[in-house]
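Worksheet for the structure shown next.
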Amino acid sequence: MKTYEVKTYFLEDDGFIPNNPRLPVLFYEGVLSEKPQQAEEIFLSNNWLNSWQGGVYDFHHYHSNTHEALGVVSGFATVKIGGKSGEELQIHTGDVLVLPAGTGHMNVDSSSDFQVAGAYPEGMEHNLMRGVDGERPRVLEEIGAVPLPETDPLFGTDGPLLQYWQVK
């Protein structure tokens, strides 16, 4: 199997967006460059379910009750992860981001053909949180209770997520 460099981003709680205190964002750059249209199918085959295709919201948001995989099917975008003081990433067709529960993300700018496939481990349902007053402390408890996935969304039981997130 060809190996890919996985970039990791540990993000701090910014007071609005909690991010994840123990798990980094994983950025698999170009991993699907030869088959971007198969992102959703690959996620499904690795038990990342409840999938969809579309864009990324243009406002800061996160999911407190599940992790999320996003595979760029077409186009490119600047995506900000981690809230207002977070990191801006340039993502392109074939890239995949894996966002741990609580990780803020938003589309800052994108090409007109930008589209991602998204999925969640074992088909977990996702909520939509915006970092507004009244969400805490409930969301912090929810983030801490989200189980680690049993598989990497791209490589199943042999994927790098299992090492980076220390899944036993």
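Letters A, B, ... go to the chains of the structure tokens in the order shown; residues in each chain start at 1; ligands are counted from 1 in the same order.
For A:Glu87, the set of protein, DNA and RNA residues having any atom at most 12 Å away, when counting only C-alpha atoms and skipping those fewer than 3 positions along the same chain, is A:Thr8, A:Tyr9, A:Phe10, A:Leu11, A:Glu12, A:Val25, A:Thr78, A:Val79, A:Lys80, A:Ile81, A:Gly82, A:Gly83, A:Lys84, A:Gln90, A:Thr103, A:Gly104, A:His105, A:Met106, A:Asn107, A:Val108.
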Wanna dump the stretch 131-166 of chain A-stretch 15-23 of chain A contacts at 10 Å for me, each residue with its shortest atom pair and the distance in Å to one decimal, counting only C-alpha atoms, ordered by chain and number, as CSV?
```
residue,atom,partner,partner_atom,distance
A:Gly131,CA,A:Phe16,CA,4.5
A:Val132,CA,A:Phe16,CA,6.6
A:Asp133,CA,A:Phe16,CA,8.1
A:Glu135,CA,A:Phe16,CA,9.1
A:Arg136,CA,A:Pro18,CA,9.1
A:Val139,CA,A:Pro18,CA,8.3
A:Leu140,CA,A:Pro18,CA,7.3
A:Ile143,CA,A:Asn20,CA,7.3
A:Gly144,CA,A:Asn20,CA,8.4
A:Leu148,CA,A:Leu23,CA,9.7
A:Tyr164,CA,A:Leu23,CA,7.9
A:Trp165,CA,A:Leu23,CA,6.0
A:Gln166,CA,A:Leu23,CA,9.1
```
>> When you count only C-alpha atoms, which of these residues is closest to A:Asp109: A:Phe155, A:Phe43, A:Tyr57, A:Tyr4?
In response: A:Tyr57
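Here atom CA of A:Glu40 stands at a distance of 12.6 Å from atom CA of A:Pro121.
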> If we count only C-alpha atoms, what is near A:His67 at a cut-off of 10 Å, once residues fewer than 2 positions away on the same chain are taken out, given as a ChimeraX atom specification?
Replying inline: /A:25,48,62-65,69,98-103,119-121,124-126,143,146-149
> What are the DSSP strand (DSSP E) residues of stretch 18-125 of chain A, as a ChimeraX atom specification?
Replying inline: /A:25-28,48-54,68-74,76-81,87-92,96-99,105-110,115-121
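Interatomic distance, atom CA of A:Lys7 against atom CA of A:Phe59: 23.7 Å.
Taking atom CA of A:Arg130 as the reference point, atom CA of A:Asp58 is found at 11.5 Å.
Considering only C-alpha atoms, the residue among A:Gly55, A:Gly123, A:Gly71, A:Gly134 positioned nearest to A:Gln37 is A:Gly71.
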>> So that I can see what lies close to A:Gly30, please list as a ChimeraX atom specification the residues with an atom at most 9 Å from it, counting only C-alpha atoms and leaving out residues fewer than 5 positions away in the same chain.
In response: /A:4,91-96
Expected file: the selected residues, N, CA and C atoms, as a short mmCIF file (atom, residue, chain, number, x, y, z; two decimals), in the first residue's frame:
```
data_model
loop_
_atom_site.label_atom_id
_atom_site.label_comp_id
_atom_site.auth_asym_id
_atom_site.auth_seq_id
_atom_site.Cartn_x
_atom_site.Cartn_y
_atom_site.Cartn_z
N TYR A 4 1.01 7.78 2.76
CA TYR A 4 0.79 9.20 2.60
C TYR A 4 1.17 9.90 3.89
N ILE A 91 -7.51 23.16 0.79
CA ILE A 91 -7.84 21.77 0.46
C ILE A 91 -8.26 21.70 -1.00
N HIS A 92 -7.87 20.59 -1.62
CA HIS A 92 -8.06 20.40 -3.06
C HIS A 92 -8.65 19.03 -3.34
N THR A 93 -9.11 18.85 -4.56
CA THR A 93 -9.64 17.56 -4.99
C THR A 93 -8.68 16.44 -4.58
N GLY A 94 -9.23 15.43 -3.91
CA GLY A 94 -8.44 14.28 -3.47
C GLY A 94 -7.94 14.35 -2.05
N ASP A 95 -8.09 15.50 -1.39
CA ASP A 95 -7.68 15.64 0.01
C ASP A 95 -8.79 15.12 0.92
N VAL A 96 -8.39 14.66 2.11
CA VAL A 96 -9.36 14.21 3.11
C VAL A 96 -8.98 14.81 4.47
#
```
>> For the structure I just gave you, how does DSSP split stretch 111-153 of chain A - specifically, which residues are helix (DSSP H, G or I)? Reply as a PyMOL selection string.
In response: chain A and resi 138-145
Using only all heavy atoms, please write the residues we just selected to a file, as a PDB file, in the first residue's frame.
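Done, and the output landed in part09.pdb:
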```
ATOM      1  N   ARG A 138     -22.693  21.214  28.484  1.00  0.00           N
ATOM      2  CA  ARG A 138     -23.241  19.997  27.864  1.00  0.00           C
ATOM      3  C   ARG A 138     -22.375  19.501  26.712  1.00  0.00           C
ATOM      4  O   ARG A 138     -22.079  18.309  26.619  1.00  0.00           O
ATOM      5  CB  ARG A 138     -24.668  20.256  27.367  1.00  0.00           C
ATOM      6  CG  ARG A 138     -25.306  19.070  26.666  1.00  0.00           C
ATOM      7  CD  ARG A 138     -26.717  19.382  26.187  1.00  0.00           C
ATOM      8  NE  ARG A 138     -26.808  20.549  25.341  1.00  0.00           N
ATOM      9  CZ  ARG A 138     -26.642  20.523  24.009  1.00  0.00           C
ATOM     10  NH1 ARG A 138     -26.374  19.388  23.398  1.00  0.00           N
ATOM     11  NH2 ARG A 138     -26.760  21.632  23.305  1.00  0.00           N
ATOM     12  N   VAL A 139     -21.929  20.402  25.810  1.00  0.00           N
ATOM     13  CA  VAL A 139     -21.171  19.945  24.647  1.00  0.00           C
ATOM     14  C   VAL A 139     -19.819  19.367  25.046  1.00  0.00           C
ATOM     15  O   VAL A 139     -19.320  18.442  24.402  1.00  0.00           O
ATOM     16  CB  VAL A 139     -20.985  21.042  23.577  1.00  0.00           C
ATOM     17  CG1 VAL A 139     -22.316  21.414  22.957  1.00  0.00           C
ATOM     18  CG2 VAL A 139     -20.240  22.247  24.106  1.00  0.00           C
ATOM     19  N   LEU A 140     -19.217  19.897  26.121  1.00  0.00           N
ATOM     20  CA  LEU A 140     -17.929  19.348  26.570  1.00  0.00           C
ATOM     21  C   LEU A 140     -18.096  17.907  27.040  1.00  0.00           C
ATOM     22  O   LEU A 140     -17.247  17.053  26.775  1.00  0.00           O
ATOM     23  CB  LEU A 140     -17.328  20.221  27.670  1.00  0.00           C
ATOM     24  CG  LEU A 140     -17.018  21.665  27.266  1.00  0.00           C
ATOM     25  CD1 LEU A 140     -16.510  22.459  28.461  1.00  0.00           C
ATOM     26  CD2 LEU A 140     -16.035  21.717  26.107  1.00  0.00           C
ATOM     27  N   GLU A 141     -19.205  17.649  27.711  1.00  0.00           N
ATOM     28  CA  GLU A 141     -19.507  16.274  28.141  1.00  0.00           C
ATOM     29  C   GLU A 141     -19.751  15.379  26.934  1.00  0.00           C
ATOM     30  O   GLU A 141     -19.267  14.240  26.896  1.00  0.00           O
ATOM     31  CB  GLU A 141     -20.718  16.265  29.073  1.00  0.00           C
ATOM     32  CG  GLU A 141     -20.459  16.949  30.394  1.00  0.00           C
ATOM     33  CD  GLU A 141     -21.722  17.154  31.217  1.00  0.00           C
ATOM     34  OE1 GLU A 141     -22.786  16.574  30.868  1.00  0.00           O
ATOM     35  OE2 GLU A 141     -21.649  17.910  32.204  1.00  0.00           O
ATOM     36  N   GLU A 142     -20.506  15.887  25.952  1.00  0.00           N
ATOM     37  CA  GLU A 142     -20.782  15.097  24.746  1.00  0.00           C
ATOM     38  C   GLU A 142     -19.490  14.762  23.992  1.00  0.00           C
ATOM     39  O   GLU A 142     -19.287  13.626  23.567  1.00  0.00           O
ATOM     40  CB  GLU A 142     -21.737  15.845  23.814  1.00  0.00           C
ATOM     41  CG  GLU A 142     -23.146  15.915  24.325  1.00  0.00           C
ATOM     42  CD  GLU A 142     -24.056  16.767  23.452  1.00  0.00           C
ATOM     43  OE1 GLU A 142     -23.569  17.439  22.517  1.00  0.00           O
ATOM     44  OE2 GLU A 142     -25.270  16.770  23.722  1.00  0.00           O
ATOM     45  N   ILE A 143     -18.619  15.752  23.812  1.00  0.00           N
ATOM     46  CA  ILE A 143     -17.355  15.536  23.101  1.00  0.00           C
ATOM     47  C   ILE A 143     -16.545  14.451  23.797  1.00  0.00           C
ATOM     48  O   ILE A 143     -16.008  13.544  23.155  1.00  0.00           O
ATOM     49  CB  ILE A 143     -16.559  16.855  22.984  1.00  0.00           C
ATOM     50  CG1 ILE A 143     -17.276  17.820  22.046  1.00  0.00           C
ATOM     51  CG2 ILE A 143     -15.129  16.592  22.509  1.00  0.00           C
ATOM     52  CD1 ILE A 143     -16.797  19.260  22.142  1.00  0.00           C
ATOM     53  N   GLY A 144     -16.460  14.530  25.123  1.00  0.00           N
ATOM     54  CA  GLY A 144     -15.701  13.536  25.882  1.00  0.00           C
ATOM     55  C   GLY A 144     -16.284  12.136  25.817  1.00  0.00           C
ATOM     56  O   GLY A 144     -15.571  11.147  26.009  1.00  0.00           O
ATOM     57  N   ALA A 145     -17.580  12.037  25.528  1.00  0.00           N
ATOM     58  CA  ALA A 145     -18.252  10.733  25.486  1.00  0.00           C
ATOM     59  C   ALA A 145     -18.250  10.082  24.100  1.00  0.00           C
ATOM     60  O   ALA A 145     -18.646   8.926  23.962  1.00  0.00           O
ATOM     61  CB  ALA A 145     -19.688  10.887  25.971  1.00  0.00           C
TER      62      ALA A 145
END
```
> Pick from A:Ser45, A:Thr157, A:Gln163, A:Asn50: nearest to A:Ala117, with only C-alpha atoms counted?
Replying inline: A:Asn50
